[in-house]
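What follows is the content of coords-v3.txt (compact mmCIF, C-alpha atoms).
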# COMPACT_ATOMS: atom_id res chain seq x y z
CA MET A 274 92.08 -58.99 115.58
CA THR A 275 89.65 -56.28 116.66
CA THR A 276 86.61 -55.89 114.43
CA LEU A 277 84.87 -52.54 114.44
CA VAL A 278 81.13 -53.02 114.48
CA GLU A 279 78.81 -50.02 114.25
CA THR A 280 76.00 -50.13 116.79
CA SER A 281 73.30 -47.69 117.83
CA GLU A 282 74.32 -47.90 121.49
CA GLU A 283 77.71 -46.19 121.32
CA GLU A 284 78.73 -42.88 119.80
CA PRO A 285 80.89 -43.61 116.69
CA THR A 286 83.89 -41.65 117.96
CA LEU A 287 83.90 -43.55 121.24
CA ALA A 288 83.51 -46.84 119.38
CA VAL A 289 86.60 -45.92 117.38
CA ALA A 290 88.44 -44.97 120.57
CA ARG A 291 87.64 -48.38 122.03
CA ALA A 292 88.76 -50.17 118.86
CA ILE A 293 92.06 -48.24 118.78
CA ALA A 294 92.73 -48.97 122.45
CA GLU A 295 92.02 -52.69 121.99
CA ILE A 296 94.43 -52.80 119.03
CA ALA A 297 97.09 -50.96 121.03
CA TRP A 298 96.81 -53.25 124.04
CA SER A 299 96.05 -56.50 122.19
CA GLN A 300 99.40 -58.01 123.20
CA GLY A 301 98.96 -57.32 126.91
CA GLY A 302 97.21 -59.58 129.38
CA ALA A 303 93.62 -58.95 130.46
CA ASP A 304 94.74 -57.52 133.80
CA ILE A 305 96.75 -54.85 131.96
CA ALA A 306 94.65 -54.34 128.81
CA GLU A 307 91.23 -53.86 130.40
CA PRO A 308 92.10 -50.90 132.69
CA ALA A 309 94.27 -49.32 129.95
CA VAL A 310 91.41 -49.55 127.44
CA ALA A 311 88.95 -48.15 129.97
CA GLN A 312 91.25 -45.22 130.80
CA PHE A 313 91.77 -44.46 127.10
CA CYS A 314 88.02 -44.49 126.46
CA ASP A 315 87.31 -42.28 129.49
CA GLU A 316 89.83 -39.72 128.29
CA ALA A 317 88.31 -39.76 124.78
CA GLU A 318 84.82 -39.28 126.24
CA SER A 319 85.93 -36.32 128.34
CA TYR A 320 87.40 -34.61 125.28
CA LEU A 321 84.26 -35.33 123.28
CA ILE A 322 81.92 -33.95 125.95
CA GLY A 323 84.12 -30.88 126.40
CA GLY A 324 84.23 -30.15 122.67
CA ARG A 325 88.02 -30.50 122.68
CA TYR A 326 88.13 -32.05 119.21
CA SER A 327 91.76 -31.24 118.54
CA ASP A 328 92.83 -33.05 121.73
CA LEU A 329 90.52 -35.91 120.84
CA ALA A 330 92.05 -36.29 117.38
CA ASN A 331 95.53 -36.16 118.89
CA LEU A 332 94.60 -38.91 121.37
CA LEU A 333 93.13 -41.16 118.69
CA LEU A 334 96.20 -40.70 116.51
CA THR A 335 98.68 -41.73 119.21
CA SER A 336 98.26 -45.36 118.16
CA ALA A 337 97.77 -44.70 114.43
CA ASP A 338 100.91 -46.65 113.50
CA LEU A 339 99.50 -49.74 115.20
CA VAL A 340 96.20 -49.26 113.40
CA LEU A 341 97.98 -49.01 110.06
CA ALA A 342 100.00 -52.12 110.78
CA ASN A 343 97.41 -54.37 112.43
CA ALA A 344 93.86 -53.31 111.56
CA SER A 345 92.05 -54.74 108.54
CA GLU A 346 91.59 -52.32 105.65
CA LYS A 347 87.86 -52.11 106.41
CA ASP A 348 88.48 -51.25 110.07
CA MET A 349 91.28 -48.85 109.20
CA GLU A 350 89.07 -46.94 106.77
CA CYS A 351 86.29 -46.72 109.32
CA ILE A 352 88.65 -45.55 112.09
CA PHE A 353 90.32 -42.85 110.02
CA THR A 354 87.04 -41.69 108.48
CA VAL A 355 85.71 -40.97 111.97
CA ILE A 356 88.94 -39.19 112.92
CA CYS A 357 88.81 -37.11 109.72
CA ASN A 358 85.24 -36.10 110.49
CA LEU A 359 86.48 -34.39 113.65
CA VAL A 360 88.15 -31.78 111.42
CA SER A 361 84.74 -30.41 110.45
CA LYS A 362 84.05 -29.72 114.15
CA ALA A 363 87.16 -27.61 114.72
CA GLN A 364 86.65 -24.21 116.36
CA SER A 365 88.66 -22.29 113.75
CA PRO A 366 90.21 -22.76 110.30
CA ASP A 367 93.67 -22.83 111.86
CA GLU A 368 92.66 -25.59 114.26
CA ALA A 369 91.09 -27.57 111.41
CA LEU A 370 94.27 -27.21 109.35
CA ALA A 371 96.45 -28.32 112.26
CA MET A 372 94.25 -31.38 112.82
CA ALA A 373 94.29 -32.23 109.10
CA ASP A 374 98.07 -31.88 108.98
CA GLN A 375 98.43 -34.24 111.93
CA ILE A 376 96.18 -36.83 110.30
CA ALA A 377 98.01 -36.51 106.97
CA ASN A 378 101.36 -36.99 108.73
CA LYS A 379 100.20 -40.33 110.08
CA LEU A 380 98.79 -41.47 106.73
CA THR A 381 101.93 -40.58 104.77
CA ALA A 382 104.59 -41.60 107.28
CA HIS A 383 104.92 -45.07 105.70
CA PRO A 384 103.85 -44.64 102.06
CA ILE A 385 104.42 -48.27 101.08
CA GLU A 386 101.90 -49.50 103.66
CA LYS A 387 98.38 -49.65 102.20
CA PRO A 388 99.00 -46.61 99.95
CA ALA A 389 95.74 -46.97 98.00
CA LEU A 390 93.66 -46.91 101.16
CA CYS A 391 95.67 -44.06 102.67
CA LEU A 392 95.11 -42.07 99.48
CA LYS A 393 91.38 -42.69 99.68
CA ILE A 394 91.32 -41.45 103.28
CA LEU A 395 93.33 -38.36 102.32
CA PHE A 396 90.70 -37.50 99.72
CA HIS A 397 88.02 -37.81 102.41
CA LEU A 398 90.10 -35.53 104.63
CA TYR A 399 90.34 -33.06 101.72
CA ASN A 400 86.54 -32.90 101.56
CA MET A 401 86.31 -32.24 105.30
CA LEU A 402 88.33 -29.04 104.96
CA GLY A 403 86.61 -25.80 104.03
CA ASN A 404 89.79 -23.74 103.85
CA PRO A 405 90.99 -23.56 100.19
CA TYR A 406 94.68 -23.39 101.08
CA GLY A 407 94.27 -26.29 103.49
CA ARG A 408 92.76 -28.32 100.66
CA PHE A 409 95.76 -27.51 98.52
CA LEU A 410 98.16 -28.76 101.21
CA ILE A 411 96.28 -32.05 101.54
CA PHE A 412 96.14 -32.53 97.77
CA LYS A 413 99.88 -31.91 97.61
CA ARG A 414 100.42 -34.59 100.25
CA ALA A 415 98.16 -36.94 98.29
CA VAL A 416 100.27 -36.47 95.16
CA LYS A 417 103.48 -37.20 97.06
CA LEU A 418 101.90 -40.29 98.64
CA ALA A 419 100.75 -41.57 95.25
CA ILE A 420 104.27 -41.21 93.86
CA ALA A 421 106.03 -42.77 96.85
CA GLY A 422 103.46 -45.55 97.17
CA LYS A 423 103.48 -46.27 93.42
CA VAL A 424 99.72 -45.76 93.05
CA THR A 425 99.85 -42.78 90.70
CA ASP A 426 97.05 -44.24 88.57
CA LEU A 427 94.69 -43.37 91.44
CA ILE A 428 95.64 -39.69 91.43
CA VAL A 429 95.53 -39.25 87.64
CA PRO A 430 91.72 -38.75 87.37
CA SER A 431 91.95 -35.68 89.62
CA PHE A 432 94.30 -33.97 87.13
CA LYS A 433 91.34 -33.36 84.81
CA ARG A 434 90.14 -30.75 87.31
CA LEU A 435 93.54 -29.44 88.35
CA ASP A 436 93.14 -26.03 86.71
CA ALA A 437 89.77 -25.57 88.43
CA PHE A 438 91.34 -26.59 91.74
CA LEU A 439 94.14 -24.05 91.29
CA ARG A 440 91.62 -21.28 90.79
CA GLU A 441 89.78 -22.38 93.92
CA TRP A 442 92.91 -22.62 96.07
CA HIS A 443 94.30 -19.14 95.19
CA ILE A 444 97.90 -20.31 95.43
CA GLY A 445 101.08 -18.64 94.11
CA GLU A 446 103.01 -19.40 90.93
CA SER A 447 105.63 -21.41 92.80
CA ASP A 448 103.01 -23.80 94.23
CA LYS A 449 101.30 -24.09 90.84
CA ARG A 450 104.69 -24.86 89.33
CA ASP A 451 105.27 -27.78 91.71
CA LEU A 452 101.89 -29.33 90.96
CA TYR A 453 102.19 -28.91 87.20
CA LEU A 454 105.62 -30.55 87.30
CA SER A 455 104.30 -33.46 89.38
CA ALA A 456 101.35 -33.88 87.01
CA THR A 457 103.46 -33.90 83.84
CA ASN A 458 105.96 -36.37 85.34
CA ILE A 459 103.21 -38.72 86.51
CA LEU A 460 101.34 -38.61 83.20
CA LYS A 461 104.58 -39.11 81.25
CA ASP A 462 104.65 -42.69 82.53
CA GLN A 463 100.93 -43.31 81.95
CA LYS A 464 100.06 -45.09 78.72
CA GLY A 465 98.11 -42.91 76.30
CA SER A 466 98.63 -39.71 78.32
CA SER A 467 101.48 -38.10 76.38
CA LYS A 468 99.42 -35.12 75.21
CA GLU A 469 98.08 -34.45 78.70
CA SER A 470 101.63 -34.70 80.05
CA TYR A 471 102.86 -32.23 77.44
CA SER A 472 100.00 -29.84 78.25
CA PHE A 473 100.96 -29.73 81.92
CA LEU A 474 104.62 -29.37 80.96
CA VAL A 475 103.80 -26.25 78.93
CA LYS A 476 101.74 -24.87 81.83
CA TYR A 477 104.69 -25.52 84.13
CA LEU A 478 107.00 -23.54 81.85
CA ALA A 479 104.46 -20.71 81.59
CA THR A 480 104.68 -20.12 85.36
CA PHE A 481 108.22 -18.80 84.90
CA ALA A 482 107.07 -15.70 83.03
CA GLY A 483 108.51 -12.62 84.72
CA GLU A 484 111.03 -14.54 86.83
CA ASP A 485 114.70 -13.60 87.16
CA ALA A 486 117.52 -15.46 85.43
CA LEU A 487 118.35 -17.57 88.47
CA THR A 488 114.78 -18.83 88.82
CA LEU A 489 114.47 -19.35 85.07
CA SER A 490 117.51 -21.61 85.12
CA GLU A 491 115.51 -24.11 87.17
CA ALA A 492 113.37 -24.76 84.10
CA LYS A 493 116.13 -25.47 81.57
CA GLU A 494 115.89 -29.25 81.60
CA GLU A 495 112.10 -29.19 81.36
CA ALA A 496 112.26 -26.58 78.58
CA VAL A 497 114.51 -28.90 76.59
CA ARG A 498 112.14 -31.77 77.28
CA ALA A 499 109.19 -29.73 75.98
CA VAL A 500 111.03 -28.89 72.75
CA ILE A 501 112.05 -32.48 72.12
CA GLU A 502 108.56 -33.81 72.88
CA PHE A 503 107.04 -31.31 70.45
CA VAL A 504 109.49 -32.22 67.68
CA LYS A 505 108.98 -35.95 68.30
CA SER A 506 105.19 -35.81 68.28
CA PRO A 507 103.77 -36.89 64.91
CA ASP A 508 100.51 -34.97 65.38
CA MET A 509 101.43 -31.70 67.11
CA PHE A 510 102.05 -28.90 64.63
CA GLN A 511 101.69 -25.69 66.62
CA CYS A 512 102.83 -24.46 70.01
CA ASP A 513 103.61 -21.31 71.98
CA LEU A 514 107.01 -22.40 73.31
CA LEU A 515 109.10 -20.10 71.16
CA ASP A 516 108.22 -16.90 73.06
CA MET A 517 108.23 -18.36 76.57
CA PRO A 518 111.05 -16.93 78.74
CA ALA A 519 111.74 -20.41 80.15
CA VAL A 520 112.39 -21.66 76.60
CA GLN A 521 113.98 -18.51 75.19
CA GLN A 522 116.78 -18.76 77.74
CA LEU A 523 118.01 -21.85 75.88
CA SER A 524 119.09 -19.64 72.96
CA LYS A 525 121.74 -18.04 75.18
CA ASP A 526 122.98 -21.31 76.68
CA ALA A 527 125.99 -22.86 74.97
CA LYS A 528 124.77 -26.38 75.68
CA TYR A 529 121.13 -25.93 74.73
CA ALA A 530 121.22 -23.24 72.02
CA PRO A 531 120.98 -25.88 69.24
CA VAL A 532 117.77 -27.19 70.82
CA TYR A 533 116.21 -23.74 70.65
CA ARG A 534 117.39 -23.38 67.06
CA LEU A 535 115.71 -26.69 66.22
CA LEU A 536 112.41 -25.45 67.66
CA ASP A 537 112.74 -22.21 65.71
CA ILE A 538 113.24 -24.15 62.47
CA PHE A 539 110.17 -26.31 63.05
CA LEU A 540 107.96 -23.34 63.89
CA THR A 541 109.20 -20.71 61.45
CA GLY A 542 111.50 -22.42 58.95
CA ARG A 543 111.35 -24.83 56.04
CA LEU A 544 112.72 -28.28 55.26
CA ASP A 545 115.97 -26.97 53.80
CA GLY A 546 116.70 -25.25 57.11
CA TYR A 547 116.20 -28.51 58.98
CA MET A 548 118.42 -30.45 56.55
CA GLU A 549 121.20 -27.92 57.06
CA PHE A 550 120.76 -28.16 60.83
CA HIS A 551 120.88 -31.97 60.71
CA SER A 552 124.12 -31.92 58.77
CA ALA A 553 125.78 -29.98 61.58
CA ASN A 554 123.98 -31.61 64.55
CA ALA A 555 123.25 -35.23 63.62
CA ALA A 556 124.81 -36.58 66.82
CA LEU A 557 122.80 -34.16 68.99
CA LEU A 558 119.50 -35.24 67.39
CA LYS A 559 120.39 -38.87 67.94
CA ASN A 560 121.27 -38.24 71.59
CA TYR A 561 117.79 -36.79 72.16
CA GLY A 562 116.16 -39.83 70.54
CA LEU A 563 115.03 -37.98 67.42
CA VAL A 564 114.78 -40.07 64.26
CA HIS A 565 115.93 -38.19 61.18
CA GLU A 566 113.34 -39.71 58.81
CA GLU A 567 110.50 -38.88 61.21
CA CYS A 568 111.77 -35.31 61.52
CA ILE A 569 111.84 -34.97 57.74
CA THR A 570 108.23 -36.18 57.53
CA LYS A 571 107.04 -33.70 60.14
CA MET A 572 109.14 -30.89 58.69
CA ARG A 573 107.60 -31.43 55.26
CA LEU A 574 104.13 -31.04 56.74
CA MET A 575 105.21 -28.02 58.78
CA SER A 576 106.80 -26.46 55.68
CA LEU A 577 103.59 -26.94 53.74
CA ALA A 578 101.67 -25.24 56.54
CA GLY A 579 104.18 -22.39 56.39
CA LEU A 580 103.65 -22.01 52.64
CA ALA A 581 99.89 -21.93 53.11
CA SER A 582 99.99 -19.29 55.85
CA LYS A 583 102.34 -16.96 53.95
CA GLY A 584 100.86 -17.43 50.47
CA SER A 585 98.12 -15.60 48.58
CA GLY A 586 95.62 -18.46 48.76
CA GLU A 587 97.14 -20.53 45.96
CA ILE A 588 100.36 -22.50 45.87
CA SER A 589 101.74 -24.00 42.69
CA TYR A 590 102.68 -27.66 42.62
CA SER A 591 106.21 -26.69 41.63
CA VAL A 592 106.66 -24.58 44.79
CA VAL A 593 105.39 -27.47 46.93
CA ARG A 594 107.75 -29.85 45.14
CA ASP A 595 110.78 -27.64 45.60
CA THR A 596 110.01 -26.73 49.21
CA LEU A 597 109.30 -30.29 50.33
CA LYS A 598 112.12 -31.81 48.23
CA VAL A 599 109.85 -34.42 46.65
CA ALA A 600 109.16 -35.75 43.17
CA ASP A 601 106.38 -34.36 40.99
CA ASP A 602 104.21 -37.42 41.52
CA GLU A 603 104.46 -37.05 45.33
CA VAL A 604 103.15 -33.50 45.57
CA GLU A 605 99.48 -34.43 45.82
CA TYR A 606 100.27 -37.17 48.38
CA TRP A 607 101.76 -34.57 50.75
CA ILE A 608 98.90 -32.14 50.19
CA VAL A 609 96.38 -34.86 51.03
CA ARG A 610 98.42 -35.83 54.08
CA ALA A 611 98.48 -32.21 55.30
CA ILE A 612 94.70 -32.01 54.85
CA GLY A 613 94.28 -35.28 56.74
CA SER A 614 96.43 -33.91 59.57
CA LYS A 615 94.12 -30.85 59.73
CA LEU A 616 96.99 -28.53 58.89
CA LEU A 617 94.95 -26.97 56.16
CA GLU A 618 91.71 -27.06 54.21
CA ALA A 619 92.34 -26.98 50.49
CA LYS A 620 91.38 -28.19 47.04
CA MET A 621 93.73 -29.35 44.32
CA ASP A 622 93.34 -27.93 40.84
CA GLN A 623 95.11 -30.57 38.76
CA LEU A 624 94.47 -28.75 35.51
CA ARG A 625 96.20 -25.57 36.70
CA GLN A 626 98.66 -27.52 38.91
CA VAL A 627 97.89 -25.44 41.99
CA VAL A 628 96.47 -26.08 45.48
CA VAL A 629 93.81 -23.59 46.56
CA ILE A 630 93.99 -22.88 50.30
CA SER A 631 90.78 -21.98 52.15
CA ARG A 632 92.17 -22.29 55.69
CA CYS A 633 95.42 -23.22 57.41
CA ILE A 634 96.86 -23.33 60.89
CA GLU A 635 99.57 -21.03 62.19
CA ARG A 636 102.53 -23.01 63.50
CA VAL A 637 103.11 -20.34 66.13
CA PHE A 638 100.72 -17.61 67.23
CA GLY A 639 102.77 -14.78 68.65
CA LEU A 640 102.83 -11.00 68.43
CA ALA A 641 103.34 -11.00 64.65
CA GLN A 642 100.32 -13.24 64.15
CA TRP A 643 98.18 -11.01 66.39
CA ARG A 644 99.20 -8.00 64.30
CA ASP A 645 98.34 -9.85 61.12
CA LEU A 646 94.95 -10.78 62.57
CA LEU A 647 94.36 -7.15 63.57
CA GLY A 648 95.14 -6.07 60.03
CA LYS A 649 92.69 -8.58 58.58
CA LEU A 650 89.97 -7.51 61.02
CA THR A 651 90.57 -3.86 60.13
CA VAL A 652 90.15 -4.65 56.43
CA TRP A 653 87.04 -6.70 57.17
CA LYS A 654 85.56 -3.85 59.22
CA GLU A 655 86.22 -1.36 56.41
CA ASN A 656 84.60 -3.70 53.90
CA VAL A 657 81.51 -3.99 56.09
CA ASN A 658 81.36 -0.19 56.44
CA ASN A 659 81.63 0.20 52.65
CA VAL A 660 78.76 -2.23 52.12
CA SER A 661 76.70 -0.34 54.70
CA ARG A 662 77.36 2.95 52.90
CA ILE A 663 76.41 1.46 49.54
CA ILE A 664 73.13 0.13 50.96
CA ALA A 665 72.38 3.49 52.61
CA ASN A 666 73.06 5.34 49.35
CA ALA A 667 70.87 2.96 47.41
CA LYS A 668 67.99 3.48 49.84
CA ALA A 669 68.44 7.25 49.64
CA SER A 670 68.33 7.19 45.85
CA GLN A 671 65.10 5.17 45.88
CA SER A 672 63.43 7.53 48.36
CA GLY A 673 64.52 10.67 46.58
CA LEU A 674 65.99 12.16 49.78
CA PRO A 675 69.37 13.91 49.87
CA GLN A 676 72.07 11.39 50.82
CA GLY A 677 73.25 13.30 53.89
CA LEU A 678 69.69 13.58 55.21
CA ALA A 679 69.00 9.88 54.51
CA ALA A 680 72.02 8.88 56.60
CA THR A 681 70.52 10.63 59.62
CA ILE A 682 67.11 8.98 59.43

Reformat the file's structure so that it appears as structure tokens.
Amino acid sequence: MTTLVETSEEEPTLAVARAIAEIAWSQGGADIAEPAVAQFCDEAESYLIGGRYSDLANLLLTSADLVLANASEKDMECIFTVICNLVSKAQSPDEALAMADQIANKLTAHPIEKPALCLKILFHLYNMLGNPYGRFLIFKRAVKLAIAGKVTDLIVPSFKRLDAFLREWHIGESDKRDLYLSATNILKDQKGSSKESYSFLVKYLATFAGEDALTLSEAKEEAVRAVIEFVKSPDMFQCDLLDMPAVQQLSKDAKYAPVYRLLDIFLTGRLDGYMEFHSANAALLKNYGLVHEECITKMRLMSLAGLASKGSGEISYSVVRDTLKVADDEVEYWIVRAIGSKLLEAKMDQLRQVVVISRCIERVFGLAQWRDLLGKLTVWKENVNNVSRIIANAKASQSGLPQGLAATI
């Protein structure tokens, strides 16, 4: 087998050309191989001297399949690294993109052959491209290769920067949608990545905002998946799914309307609403893998959060008991559990039998919540203005100046 050895006597690209030719003609006799190798190298040298880098890359890639099949991984990496470097010498962005596409085609043609190494080379090719859209196309090919070659664990680290990449690439919603869907599906099968998978799933659904009914229908299955994953999760208590067009469409679908109703109950309703829903849809919940007891537990916590957000700052133990359908001696347990889940910050007044709320989360933060926040800010602003006026009046009284004049100083 040919071994590629770097020397100071031969230009790296020509050394690679020689190595490729020797691999291609390794089965021929010396009388055939030697002139064929020499001709191949002469042609490569003429392209190199003439600055015809696209033709040179095309020549070197003619035997890429043989390199993939017969070269050692070390030699293969060296050969393709040199070929990828030619992209940076292209005369125009279009030429560079065409060269990169040709290289990527060779690397992804047989995804089960050395997929990890091919993925590594694709990432090097990505770095050789200066064109943002070209980088996107190579990254997209890398994702597909990782899936087909069953080496998705190698692509996962790049997802941490996916949003930054999307801003850099300046791509459309449809392309973003494809990447978000790939990311959520890959992470779904990665241990300990359920929250990251859900995050990308929500971002995928958000790309459908403003789309027509036909396009929205493409997201139905994933919208259902997002709802079920939210309901199943023992530590997710708020989301923005309810107002997303991709999710809202479920309410008008005969098959999926109950799923949307379930989400609505968890985000805006109370435990009694869930119990009523379960009575009518027990089989549906079971089909989606939802465990009734786990849903009750989460719904109790969500109901307590709902009480806290709608109350006046204090909730009586009796209201908690009746809302959560628990015994008197379990009330404090559920309050402590809600505090531990960071649903609220509160103190229990056992003497008065009330829980004093200092802060709580909103299960959903939509238009109504923004209006409520605006109202609170308006009141806060007025209070600050009143304090300012009181201070100004006090200063005026001390100075003996008329109040109107003092306000202008």

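From atom CA of A:Tyr547 back to atom CA of A:Leu535, the distance works out to 7.5 Å.
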
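Here atom CA of A:Ser631 stands at a distance of 11.1 Å from atom CA of A:Ile612.
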
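Computed from the coordinates, the atom CA of A:Val497 to atom CA of A:Lys461 distance equals 15.0 Å.
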
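Excluding A:Glu350 itself and any same-chain residue fewer than 2 positions from it, the protein and nucleic acid residues within 9 Å of it, counting all atoms listed in the file, are Ser345, Glu346, Lys347, Asp348, Ile352, Phe353, Thr354, Val355, Leu390, Cys391, Lys393 and Ile394 of chain A.
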
Pick out the closest residue to A:Arg543 from this set: A:Leu580, A:Val599, A:Ala369, A:Leu624. Count only C-alpha atoms. A:Leu580

Go through A:Lys493, A:Met548, A:Leu333, A:Ser576 and flag the residue nearest A:Tyr533, using only C-alpha atoms for the distances. A:Lys493

Taking all atoms listed in the file into account, which of A:Pro518, A:Pro285, A:Gly562, A:Gly546 comes nearest A:Leu359? A:Pro285

Closest to A:Thr596 among A:Ile501, A:Val609, A:Leu557, A:Leu544, using all atoms listed in the file? A:Leu544
